[in-house]
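Engineer: Just so it is clear, I am handing over query_24.tsv, which has TSV, C-alpha atoms.
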chain	number	residue	atom	x	y	z
A	1	MET	CA	13.70	16.42	3.36
A	2	TYR	CA	12.24	15.15	0.11
A	3	PHE	CA	9.86	12.77	-1.63
A	4	THR	CA	10.21	11.60	-5.22
A	5	HIS	CA	9.74	8.71	-7.65
A	6	ALA	CA	12.68	7.19	-9.50
A	7	ASP	CA	12.98	7.44	-13.28
A	8	ASP	CA	12.39	3.69	-13.56
A	9	VAL	CA	9.01	4.08	-11.87
A	10	TRP	CA	7.92	6.88	-14.19
A	11	ALA	CA	9.09	4.92	-17.23
A	12	ALA	CA	7.00	1.88	-16.26
A	13	HIS	CA	4.00	3.85	-14.95
A	14	PRO	CA	3.65	7.05	-17.00
A	15	ASP	CA	0.04	7.62	-15.86
A	16	LEU	CA	1.07	7.85	-12.21
A	17	ARG	CA	0.01	10.95	-10.28
A	18	ALA	CA	0.72	11.71	-6.63
A	19	LEU	CA	-0.47	14.11	-3.97
A	20	VAL	CA	2.00	14.73	-1.15
A	21	CYS	CA	1.66	16.90	1.93
A	22	THR	CA	3.03	17.36	5.41
A	23	ALA	CA	1.13	17.58	8.67
A	24	ASP	CA	2.33	18.74	12.09
A	25	GLY	CA	0.85	18.74	15.56
A	26	LEU	CA	-0.23	15.12	15.39
A	27	THR	CA	-0.08	14.74	19.18
A	28	LEU	CA	-2.91	17.31	19.39
A	29	ALA	CA	-5.16	15.46	16.94
A	30	THR	CA	-8.49	14.12	18.18
A	31	THR	CA	-11.01	11.80	16.54
A	32	ASP	CA	-13.85	13.45	14.62
A	33	GLN	CA	-16.61	10.86	14.83
A	34	ALA	CA	-19.04	12.88	12.73
A	35	ARG	CA	-16.53	13.11	9.91
A	36	LEU	CA	-15.78	9.39	10.09
A	37	ALA	CA	-19.51	8.65	9.97
A	38	GLU	CA	-19.93	10.84	6.87
A	39	LEU	CA	-17.03	9.07	5.19
A	40	ALA	CA	-18.49	5.69	6.16
A	41	GLU	CA	-21.72	6.62	4.38
A	42	ARG	CA	-19.75	7.48	1.25
A	43	ILE	CA	-17.90	4.17	1.47
A	44	ASP	CA	-21.16	2.24	1.88
A	45	ARG	CA	-22.68	3.95	-1.17
A	46	ARG	CA	-19.63	3.20	-3.28
A	47	GLN	CA	-19.54	-0.45	-2.21
A	48	SER	CA	-23.26	-0.86	-2.86
A	49	ASP	CA	-22.73	0.36	-6.43
A	50	MET	CA	-19.82	-1.87	-7.44
A	51	SER	CA	-17.23	-4.39	-6.36
A	52	GLU	CA	-13.68	-3.31	-5.57
A	53	ALA	CA	-12.45	-4.87	-8.82
A	54	ASP	CA	-14.85	-2.64	-10.80
A	55	MET	CA	-13.70	0.61	-9.20
A	56	PRO	CA	-11.54	2.41	-11.79
A	57	GLU	CA	-9.04	3.58	-9.18
A	58	ILE	CA	-8.40	0.01	-8.01
A	59	ALA	CA	-8.53	-1.47	-11.51
A	60	ALA	CA	-5.69	0.87	-12.45
A	61	TRP	CA	-3.66	-0.23	-9.42
A	62	ARG	CA	-4.29	-3.87	-10.34
A	63	GLU	CA	-2.84	-3.13	-13.78
A	64	ALA	CA	0.18	-1.49	-12.15
A	65	PHE	CA	0.74	-4.54	-9.96
A	66	SER	CA	0.50	-6.78	-13.02
A	67	ARG	CA	3.17	-4.68	-14.76
A	68	MET	CA	5.38	-5.29	-11.73
A	69	GLY	CA	4.95	-9.04	-12.23
A	70	LEU	CA	2.65	-9.41	-9.20
A	71	LYS	CA	-0.64	-11.28	-9.14
A	72	PRO	CA	-3.10	-8.50	-8.23
A	73	THR	CA	-5.49	-10.82	-6.41
A	74	GLN	CA	-2.62	-11.98	-4.19
A	75	TYR	CA	-1.00	-8.59	-3.61
A	76	ARG	CA	-3.59	-5.84	-3.27
A	77	CYS	CA	-2.97	-2.11	-3.02
A	78	ALA	CA	-3.71	-0.67	0.41
A	79	SER	CA	-7.05	0.91	-0.50
A	80	GLU	CA	-8.42	-2.33	-1.94
A	81	ALA	CA	-7.27	-4.26	1.14
A	82	LEU	CA	-9.01	-1.75	3.41
A	83	LEU	CA	-12.22	-1.80	1.37
A	84	ARG	CA	-12.39	-5.59	1.32
A	85	ARG	CA	-11.87	-5.73	5.07
A	86	TYR	CA	-14.47	-3.01	5.62
A	87	ARG	CA	-17.02	-4.73	3.36
A	88	LYS	CA	-16.72	-7.84	5.53
A	89	ASP	CA	-16.67	-6.28	9.01
A	90	LYS	CA	-18.14	-2.79	8.45
A	91	LYS	CA	-15.47	-1.38	10.72
A	92	LEU	CA	-11.71	-1.05	11.05
A	93	PRO	CA	-9.46	-1.17	14.12
A	94	SER	CA	-8.62	2.26	15.57
A	95	PHE	CA	-4.92	3.21	15.49
A	96	HIS	CA	-4.55	6.99	15.72
A	97	PRO	CA	-6.97	9.86	14.92
A	98	VAL	CA	-4.99	10.87	11.82
A	99	VAL	CA	-4.48	7.30	10.58
A	100	ASP	CA	-8.14	6.42	11.16
A	101	TYR	CA	-9.24	9.50	9.21
A	102	LEU	CA	-6.85	8.84	6.33
A	103	ASN	CA	-7.95	5.19	6.13
A	104	HIS	CA	-11.55	6.34	5.70
A	105	VAL	CA	-10.61	8.93	3.06
A	106	SER	CA	-8.62	6.24	1.25
A	107	MET	CA	-11.64	3.95	1.18
A	108	ALA	CA	-14.04	6.72	0.15
A	109	HIS	CA	-11.86	7.46	-2.89
A	110	ALA	CA	-10.52	3.90	-3.39
A	111	ILE	CA	-7.02	5.41	-3.60
A	112	PRO	CA	-4.08	4.29	-1.40
A	113	ILE	CA	-2.84	6.80	1.19
A	114	ALA	CA	0.48	6.24	2.96
A	115	VAL	CA	1.46	8.21	6.05
A	116	PHE	CA	4.97	8.23	7.55
A	117	ASP	CA	6.42	9.61	10.77
A	118	THR	CA	8.99	12.11	9.46
A	119	GLU	CA	11.31	11.37	12.38
A	120	HIS	CA	11.97	7.91	10.93
A	121	ILE	CA	12.46	8.41	7.18
A	122	GLY	CA	15.96	9.86	7.19
A	123	ALA	CA	16.61	12.56	4.61
A	124	GLY	CA	13.57	11.54	2.60
A	125	ILE	CA	11.88	8.87	0.51
A	126	SER	CA	12.27	7.73	-3.07
A	127	VAL	CA	9.80	5.28	-4.58
A	128	ARG	CA	12.23	3.07	-6.49
A	129	PRO	CA	13.32	-0.47	-7.32
A	130	ALA	CA	14.98	-2.14	-4.33
A	131	THR	CA	18.66	-2.99	-4.53
A	132	GLY	CA	18.18	-6.12	-2.42
A	133	THR	CA	20.08	-4.65	0.53
A	134	GLU	CA	17.26	-2.71	2.19
A	135	SER	CA	15.86	-3.60	5.60
A	136	TYR	CA	12.09	-3.72	6.11
A	137	ALA	CA	10.64	-3.81	9.65
A	138	THR	CA	7.48	-5.90	10.06
A	139	PHE	CA	4.74	-5.17	12.59
A	140	GLN	CA	5.49	-8.54	14.19
A	141	GLY	CA	8.97	-7.38	15.18
A	142	GLY	CA	10.84	-9.13	12.39
A	143	THR	CA	13.01	-7.90	9.53
A	144	GLU	CA	12.67	-8.66	5.82
A	145	THR	CA	14.84	-7.89	2.79
A	146	PRO	CA	12.91	-6.91	-0.36
A	147	GLU	CA	13.98	-8.65	-3.55
A	148	PRO	CA	16.11	-6.66	-6.02
A	149	GLY	CA	13.82	-4.74	-8.36
A	150	GLU	CA	10.82	-4.77	-6.02
A	151	ILE	CA	9.28	-1.28	-5.79
A	152	VAL	CA	9.73	0.16	-2.30
A	153	PHE	CA	9.58	3.46	-0.46
A	154	GLY	CA	13.30	3.67	0.25
A	155	ASP	CA	15.39	6.13	2.24
A	156	PRO	CA	19.13	6.86	1.84
A	157	GLU	CA	19.96	4.87	4.98
A	158	GLY	CA	18.85	1.59	3.45
A	159	HIS	CA	15.41	1.27	5.04
A	160	ALA	CA	12.41	0.13	3.01
A	161	HIS	CA	9.27	1.81	4.31
A	162	SER	CA	6.98	-0.35	2.18
A	163	ARG	CA	6.87	-3.67	0.36
A	164	ARG	CA	5.61	-4.03	-3.21
A	165	TRP	CA	4.89	-0.30	-3.48
A	166	THR	CA	1.47	0.16	-1.85
A	167	PHE	CA	0.97	-3.39	-0.62
A	168	ARG	CA	2.32	-3.07	2.92
A	169	GLN	CA	3.96	-0.32	4.99
A	170	SER	CA	6.80	-0.70	7.46
A	171	ALA	CA	6.53	-0.56	11.23
A	172	ARG	CA	9.66	1.62	11.32
A	173	SER	CA	7.92	4.79	10.19
A	174	ALA	CA	4.34	4.03	11.26
A	175	ILE	CA	2.47	6.80	13.04
A	176	SER	CA	2.27	6.36	16.81
A	177	GLN	CA	0.83	8.34	19.70
A	178	ASN	CA	4.25	10.03	20.04
A	179	SER	CA	4.46	11.13	16.40
A	180	GLU	CA	4.69	14.90	15.95
A	181	SER	CA	4.76	15.26	12.16
A	182	ALA	CA	3.91	13.20	9.10
A	183	LEU	CA	4.49	12.90	5.39
A	184	ILE	CA	1.29	11.89	3.59
A	185	VAL	CA	1.45	10.33	0.11
A	186	VAL	CA	-1.57	9.64	-2.13
A	187	GLU	CA	-0.91	7.82	-5.44
A	188	ALA	CA	-3.17	6.93	-8.35
A	189	HIS	CA	-3.00	5.72	-11.96
A	190	HIS	CA	-6.58	5.98	-13.26
A	191	ALA	CA	-7.69	8.34	-16.04
A	192	SER	CA	-9.01	11.12	-13.78
A	193	ALA	CA	-6.24	10.80	-11.19
A	194	ALA	CA	-4.97	14.37	-11.52
A	195	GLU	CA	-8.44	15.87	-11.02
A	196	ASP	CA	-9.33	13.50	-8.18
A	197	LEU	CA	-6.10	14.16	-6.30
A	198	ALA	CA	-6.63	17.91	-6.61
A	199	GLU	CA	-10.04	17.47	-4.95
A	200	MET	CA	-8.49	15.26	-2.27
A	201	GLU	CA	-5.94	17.97	-1.46
A	202	SER	CA	-8.75	20.29	-0.37
A	203	GLU	CA	-10.56	17.51	1.48
A	204	LEU	CA	-7.43	16.46	3.41
A	205	ARG	CA	-6.57	20.03	4.34
A	206	THR	CA	-10.07	20.60	5.74
A	207	GLY	CA	-10.29	17.21	7.45
A	208	LEU	CA	-6.85	17.21	9.06
A	209	THR	CA	-7.33	20.75	10.31
A	210	ALA	CA	-10.63	19.73	11.88
A	211	LEU	CA	-8.79	16.97	13.77
A	212	GLY	CA	-6.39	19.54	15.25
A	213	ALA	CA	-3.39	18.87	13.00
A	214	THR	CA	-1.65	21.58	11.00
A	215	VAL	CA	-1.26	20.98	7.27
A	216	GLY	CA	1.96	22.33	5.78
A	217	ALA	CA	3.28	22.19	2.24
A	218	THR	CA	1.41	20.25	-0.45
A	219	ALA	CA	2.22	19.32	-4.05
A	220	LEU	CA	0.75	17.39	-6.96
A	221	LEU	CA	3.46	15.30	-8.62
A	222	SER	CA	3.65	14.17	-12.23
A	223	GLN	CA	6.37	13.42	-14.76
A	224	ASN	CA	6.89	17.16	-15.17
A	225	ASN	CA	6.98	17.86	-11.44
A	226	ARG	CA	8.65	14.95	-9.68
A	227	LEU	CA	10.28	16.33	-6.53
A	228	PHE	CA	8.63	17.45	-3.28
A	229	GLU	CA	10.96	19.16	-0.80
A	230	PHE	CA	9.83	19.99	2.71
Written as structure tokens, that's how I'd like the structure from this file.

Structural biologist:
Amino acid sequence: MYFTHADDVWAAHPDLRALVCTADGLTLATTDQARLAELAERIDRRQSDMSEADMPEIAAWREAFSRMGLKPTQYRCASEALLRRYRKDKKLPSFHPVVDYLNHVSMAHAIPIAVFDTEHIGAGISVRPATGTESYATFQGGTETPEPGEIVFGDPEGHAHSRRWTFRQSARSAISQNSESALIVVEAHHASAAEDLAEMESELRTGLTALGATVGATALLSQNNRLFEF
């Protein structure tokens, strides 16, 4: 299996950096409340210091959305959407121990994290412009077709596993209680992205292991290292 970004994406977003890793044993994962509480404290401190729009990680994603022709206050990257929801409610719904943990890490760093059930992504994922023929499964049970040129997480079988890059994931490959393994993707555009993602690699390995999952291969992707095979 593989994960990569298309040449068109690198050409339009040369500052992009990505951390990718695999995790197995998800059915054995349990919630670590102490770790979530520690992350919540970090999130609270960050939100007390600045608004989401002022966070450099999110500001860089807003610029990326603008380059895609999207209004960044209408279409928000996943980490900004989570932070804004958390600022209002001071809590998030619980979905799965691994997803809950990754959502908190995403908010603590203000960087989007996507997680996919590897049983439902075919041979792999390419972040690329849509052809206009892909099928996207909504969480309401419907099906959408991304517009040609829209950036999606696409597989070779014609499924779009996201809309507008990091705006919204698909129900098709969402983690469930029956998921055994996952592909985790962390993407950033800000100036210190490479250094921050390297730190996140260590944090995710420690945190996921503490939950009971097993972390497999990891890689930091850039223009000079674009393909992750697992």

Engineer: Residues at most 8 Å from Tyr75 (chain A), counting all atoms listed in the file, excluding those fewer than 5 positions away in the same chain, as a list in words?

Structural biologist: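 Here the qualifying residues turn out to be Phe65, Leu70 and Phe167 of chain A.
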
Engineer: Which residues come within 12 Å of Asn224 (chain A), counting all atoms listed in the file, excluding same-chain residues fewer than 2 positions away, as a PyMOL selection string?

Structural biologist: chain A and resi 4-5+7+10+14-18+220-222+226-227

Engineer: How far is it from CA of Gly154 (chain A) to CA of Pro93 (chain A), in Å with one decimal?

Structural biologist: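 These two atoms are separated by 27.1 Å.
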
Engineer: Could you tell me which of A:Thr31, A:Ser135, A:Ser162, A:Gln74 comes closest to Leu208 (chain A) if we count all atoms listed in the file?

Structural biologist: A:Thr31

Engineer: Which residue gives the smallest distance to Asp44 (chain A) among A:Val127, A:Ala60, A:Glu147, A:Tyr86, with all atoms listed in the file counted?

Structural biologist: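 Nearest to Asp44 (chain A): A:Tyr86.
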
Engineer: Do a neighbour search on Gly158 (chain A) at 12 Å with only C-alpha atoms, toss out local chain neighbours closer than 2 positions, and write the hits as a PyMOL selection string.

Structural biologist: chain A and resi 120-126+130-137+145-146+152-156+160-161

Engineer: Just the number, please: distance in Å from CA of Ala219 (chain A) to CA of Thr22 (chain A), one decimal.

Structural biologist: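 Value for the CA of Ala219 (chain A)-CA of Thr22 (chain A) distance: 9.7 Å.
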
Engineer: Show which residues sit within 10 Å of Asp100 (chain A), as a PyMOL selection string. Count all atoms listed in the file, and ignore same-chain residues fewer than 5 positions away.

Structural biologist: chain A and resi 31-32+36+92-95+105-106

Engineer: Atoms are missing here; could region 198-209 of chain A be completed with all heavy atoms and written as an mmCIF file, keeping the file's coordinate frame?

Structural biologist:
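Dumped everything to out05.cif:
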data_model
loop_
_atom_site.group_PDB
_atom_site.id
_atom_site.type_symbol
_atom_site.label_atom_id
_atom_site.label_comp_id
_atom_site.auth_asym_id
_atom_site.auth_seq_id
_atom_site.Cartn_x
_atom_site.Cartn_y
_atom_site.Cartn_z
ATOM 1 N N ALA A 198 -6.470 16.485 -6.901
ATOM 2 C CA ALA A 198 -6.630 17.910 -6.610
ATOM 3 C C ALA A 198 -7.812 18.124 -5.657
ATOM 4 O O ALA A 198 -7.742 18.948 -4.729
ATOM 5 C CB ALA A 198 -6.832 18.691 -7.901
ATOM 6 N N GLU A 199 -8.898 17.386 -5.866
ATOM 7 C CA GLU A 199 -10.040 17.470 -4.950
ATOM 8 C C GLU A 199 -9.669 16.918 -3.572
ATOM 9 O O GLU A 199 -10.079 17.468 -2.539
ATOM 10 C CB GLU A 199 -11.220 16.696 -5.519
ATOM 11 C CG GLU A 199 -11.832 17.326 -6.766
ATOM 12 C CD GLU A 199 -13.027 16.542 -7.274
ATOM 13 O OE1 GLU A 199 -13.433 15.570 -6.598
ATOM 14 O OE2 GLU A 199 -13.541 16.903 -8.347
ATOM 15 N N MET A 200 -8.892 15.849 -3.544
ATOM 16 C CA MET A 200 -8.490 15.260 -2.270
ATOM 17 C C MET A 200 -7.598 16.207 -1.478
ATOM 18 O O MET A 200 -7.619 16.206 -0.237
ATOM 19 C CB MET A 200 -7.780 13.927 -2.498
ATOM 20 C CG MET A 200 -8.703 12.814 -2.951
ATOM 21 S SD MET A 200 -7.842 11.238 -3.219
ATOM 22 C CE MET A 200 -7.518 10.738 -1.510
ATOM 23 N N GLU A 201 -6.801 17.012 -2.169
ATOM 24 C CA GLU A 201 -5.940 17.970 -1.460
ATOM 25 C C GLU A 201 -6.783 18.894 -0.591
ATOM 26 O O GLU A 201 -6.474 19.124 0.593
ATOM 27 C CB GLU A 201 -5.137 18.787 -2.467
ATOM 28 C CG GLU A 201 -4.219 19.814 -1.809
ATOM 29 C CD GLU A 201 -3.402 20.597 -2.819
ATOM 30 O OE1 GLU A 201 -3.668 20.475 -4.036
ATOM 31 O OE2 GLU A 201 -2.501 21.330 -2.387
ATOM 32 N N SER A 202 -7.871 19.417 -1.143
ATOM 33 C CA SER A 202 -8.750 20.290 -0.370
ATOM 34 C C SER A 202 -9.442 19.537 0.754
ATOM 35 O O SER A 202 -9.542 20.027 1.890
ATOM 36 C CB SER A 202 -9.793 20.908 -1.307
ATOM 37 O OG SER A 202 -10.704 21.705 -0.583
ATOM 38 N N GLU A 203 -9.885 18.314 0.461
ATOM 39 C CA GLU A 203 -10.560 17.510 1.480
ATOM 40 C C GLU A 203 -9.627 17.186 2.647
ATOM 41 O O GLU A 203 -10.013 17.288 3.817
ATOM 42 C CB GLU A 203 -11.091 16.224 0.866
ATOM 43 C CG GLU A 203 -11.794 15.324 1.862
ATOM 44 C CD GLU A 203 -12.448 14.110 1.237
ATOM 45 O OE1 GLU A 203 -12.396 13.967 -0.007
ATOM 46 O OE2 GLU A 203 -13.023 13.300 1.992
ATOM 47 N N LEU A 204 -8.389 16.802 2.344
ATOM 48 C CA LEU A 204 -7.430 16.460 3.410
ATOM 49 C C LEU A 204 -7.076 17.698 4.234
ATOM 50 O O LEU A 204 -6.947 17.605 5.461
ATOM 51 C CB LEU A 204 -6.176 15.851 2.803
ATOM 52 C CG LEU A 204 -6.331 14.455 2.206
ATOM 53 C CD1 LEU A 204 -5.022 13.997 1.581
ATOM 54 C CD2 LEU A 204 -6.789 13.450 3.256
ATOM 55 N N ARG A 205 -6.910 18.818 3.590
ATOM 56 C CA ARG A 205 -6.570 20.030 4.340
ATOM 57 C C ARG A 205 -7.687 20.363 5.323
ATOM 58 O O ARG A 205 -7.429 20.659 6.493
ATOM 59 C CB ARG A 205 -6.329 21.194 3.376
ATOM 60 C CG ARG A 205 -5.879 22.472 4.068
ATOM 61 C CD ARG A 205 -5.531 23.553 3.064
ATOM 62 N NE ARG A 205 -4.333 23.226 2.318
ATOM 63 C CZ ARG A 205 -3.095 23.439 2.755
ATOM 64 N NH1 ARG A 205 -2.893 23.951 3.969
ATOM 65 N NH2 ARG A 205 -2.056 23.133 2.007
ATOM 66 N N THR A 206 -8.930 20.296 4.863
ATOM 67 C CA THR A 206 -10.070 20.600 5.740
ATOM 68 C C THR A 206 -10.197 19.554 6.846
ATOM 69 O O THR A 206 -10.371 19.895 8.026
ATOM 70 C CB THR A 206 -11.366 20.644 4.921
ATOM 71 O OG1 THR A 206 -11.266 21.670 3.937
ATOM 72 C CG2 THR A 206 -12.561 20.921 5.816
ATOM 73 N N GLY A 207 -10.096 18.278 6.482
ATOM 74 C CA GLY A 207 -10.290 17.210 7.450
ATOM 75 C C GLY A 207 -9.209 17.147 8.506
ATOM 76 O O GLY A 207 -9.497 16.982 9.698
ATOM 77 N N LEU A 208 -7.956 17.267 8.096
ATOM 78 C CA LEU A 208 -6.850 17.210 9.060
ATOM 79 C C LEU A 208 -6.876 18.408 9.994
ATOM 80 O O LEU A 208 -6.599 18.282 11.198
ATOM 81 C CB LEU A 208 -5.520 17.136 8.309
ATOM 82 C CG LEU A 208 -5.245 15.809 7.597
ATOM 83 C CD1 LEU A 208 -4.056 15.943 6.643
ATOM 84 C CD2 LEU A 208 -4.989 14.685 8.599
ATOM 85 N N THR A 209 -7.225 19.568 9.465
ATOM 86 C CA THR A 209 -7.330 20.750 10.310
ATOM 87 C C THR A 209 -8.427 20.579 11.350
ATOM 88 O O THR A 209 -8.264 20.962 12.516
ATOM 89 C CB THR A 209 -7.613 21.999 9.446
ATOM 90 O OG1 THR A 209 -6.539 22.186 8.518
ATOM 91 C CG2 THR A 209 -7.736 23.245 10.302
#
